[in-house]
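Chemist: Following this message is one structure expressed as structure tokens.
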Amino acid sequence: MLDLPNKRTVHALLTPRLGGVAIFAGFMSALTIFADLGNGIQQLLAGCIVLFFVGLKDDLVSISPAKKLVGQLLATGIVMFMADIRITSFQGIFGIHELPDGISYAFTFLAIAGITNAINLIDGLDGLAGSIVIIIVSTFGYYFYQYGGAAFGNYVFVSICVIGGMLGFLRYNFHKATIFMGDTGSLLCGFIVSVLTIQFIQMGLHTDQPFGSANPSVAAGILFVPLFDTLRVFAVRVLNGTSPFTPDKNHIHHRILAMGFQQISTVLLLALLNLVVILFVINFSDLGNTLLIAGLVAFSLLLSVFLGTYRSRSAQQRVAS
């Protein structure tokens, strides 16, 4: 039940890591009491229960990544096949619109697993994952409230309940944290964020909202920090000849800490970065998917070069000293 400090962690003391149990309790109780459980929310709750027990077992006795993936596959299957929550169109990205059913199901699984694990990987500093999740679900919740209509409007309840559970948790999770969310919380939050992302993308096909067909690229911008961190770390590991699943201290928050920032300032800086990118994609959504994605990729490359360059210089300075 305690997270042991090691060479990859930032904290130095034994810290309880079952905060995800409290997040789950707050989220589930509020949602089942107050929300309309139609339009796939009932199936979302079922998937959350599956991942809750997967994360809980991992926090208590540790399980292999393969078993985690099986749990994610089961939870994804529940929302895909029982609620038909899936990405059915690329909405013009690479000239692709409607997707065949097989590709739609496969891509949806990759999207849910990718986003779930991206939130899991960003959980490396006190308050970081919780702050990023609040920013993401608040943005999605606003647009579900304004433009969701009968088909997507009740997902605002999902957003509000996540925010409520996370605010209660963050009171004890900011530096110096007295409890961590653990895999129980990060897998749960990542799964919820992934389903909200898919429904936000699909909302562009069924309701009038301000982004036209640019919902996929706007969603990528809303998820910028966790997606950028995951893709960058995996790419660096592959280029270094190691497995992309090998843990290391090369995440974006590790690189910012190496610049001399403290934990709280690093969390605030990454939260600000995510907010700036969100404002960018929202205000320039009329550029369309292709240009927005090109802009996000270009910014990601520049940021990656900066992080890598600073790392090299700081390593040289340490050797010299």
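Order determines the names: the first chain of the structure tokens is A, the second B, and so forth; residues in each chain are numbered 1 upward, and ligands are numbered 1 upward as they are shown.
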Residues of region 49-118 of chain A classed as helix (DSSP H, G or I) by DSSP on the backbone are to be reported as an MDAnalysis selection string.
Modeler: chainID A and resid 49:61 65:83 93:95 101:118
Chemist: So how far away is CA of Asn120 (chain A) from CA of Leu187 (chain A), in Å?
Modeler: 6.0 Å
Chemist: If you count only C-alpha atoms, which residues fall within 8 Å of His251 (chain A), apart from same-chain ones fewer than 5 positions away, as a ChimeraX atom specification?
Modeler: /A:122,229-230,233
Chemist: Between A:Met181, A:Leu167, A:Ile41, A:Ile103, which is the closest to Val21 (chain A) once you count only C-alpha atoms?
Modeler: A:Met181
Chemist: Might you pull out every residue within 8 Å of Phe174 (chain A), with only C-alpha atoms counted and same-chain residues fewer than 6 positions away left off, and present them as a compact mmCIF listing (two decimals) with C-alpha atoms, in the first residue's frame?
Modeler:
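Below is the file around-v5.txt, written as the result:
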# COMPACT_ATOMS: atom_id res chain seq x y z
CA ASP A 126 2.82 15.59 -6.93
CA GLY A 127 -0.40 17.01 -8.37
CA ILE A 264 5.10 22.91 -7.81
Chemist: In terms of the shortest atom-to-atom distance over only C-alpha atoms, which of A:Ile134, A:Met203, A:Leu45, A:Val156 is closest to Leu275 (chain A)?
Modeler: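 Among the listed residues, the smallest separation from Leu275 (chain A) belongs to A:Ile134.
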Chemist: Fewer than 3 positions away in the same chain doesn't count, so skip those; otherwise give me all residues within 8 Å of Gly164 (chain A), counting only C-alpha atoms, as a ChimeraX atom specification.
Modeler: /A:26-27,160-161,167-168
Chemist: Excluding Lys176 (chain A) and any residue of its chain fewer than 2 positions from it, enumerate the residues within 12 Å of it, using only C-alpha atoms, and give them as a PyMOL selection string.
Modeler: chain A and resi 10-15+125-127+170-174+178-180+262-264
Chemist: Can you pull out the residues contacting Ala220 (chain A)? Cut-off 10 Å, using only C-alpha atoms, and skip same-chain residues under 4 positions away; I want them as a list in words.
Modeler: Thr197, Ile201, Asn215, Pro216, Phe224, Val225, Pro226, Leu227, Phe228, Val277, Ile278, Val281, Leu292, Ile293 and Leu296 of chain A
Chemist: Could you state the separation of CA of Ala298 (chain A) and CA of Ser285 (chain A) in Å, given to one decimal place?
Modeler: 16.4 Å
Chemist: For Phe90 (chain A), which residue among A:Ile49, A:Leu205, A:Leu31, A:Leu188 is the nearest when counting only C-alpha atoms?
Modeler: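 Among the listed residues, the smallest separation from Phe90 (chain A) belongs to A:Leu205.
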Chemist: For Leu279 (chain A), which residue out of A:Ile85, A:Val218, A:Leu257, A:Val267 is the nearest one, using only C-alpha atoms?
Modeler: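 Once distances to Leu279 (chain A) are computed over only C-alpha atoms, the minimum belongs to A:Val218.
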Chemist: In terms of the shortest atom-to-atom distance over only C-alpha atoms, which of A:Met28, A:Ile136, A:Leu287, A:Ala106 is closest to Phe211 (chain A)?
Modeler: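 Comparing A:Met28, A:Ile136, A:Leu287, A:Ala106 against Phe211 (chain A), the winner is A:Leu287.
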Chemist: Counting only C-alpha atoms, give me one row per residue of region 94-185 of chain A with an atom at most 8 Å from an atom of region 75-83 of chain A, showing the shortest contact pair and its distance in Å to one decimal, sorted by chain then residue number, as a Markdown table.
Modeler:
| residue | atom | partner | partner_atom | distance |
| --- | --- | --- | --- | --- |
| A:Tyr105 | CA | A:Met80 | CA | 7.3 |
| A:Thr108 | CA | A:Met80 | CA | 8.0 |
| A:Phe109 | CA | A:Thr76 | CA | 6.4 |
| A:Ile112 | CA | A:Thr76 | CA | 7.0 |
Chemist: To one decimal in Å, tell me the separation between CA of Ile63 (chain A) and CA of Asp183 (chain A).
Modeler: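 A separation of 10.7 Å between them.
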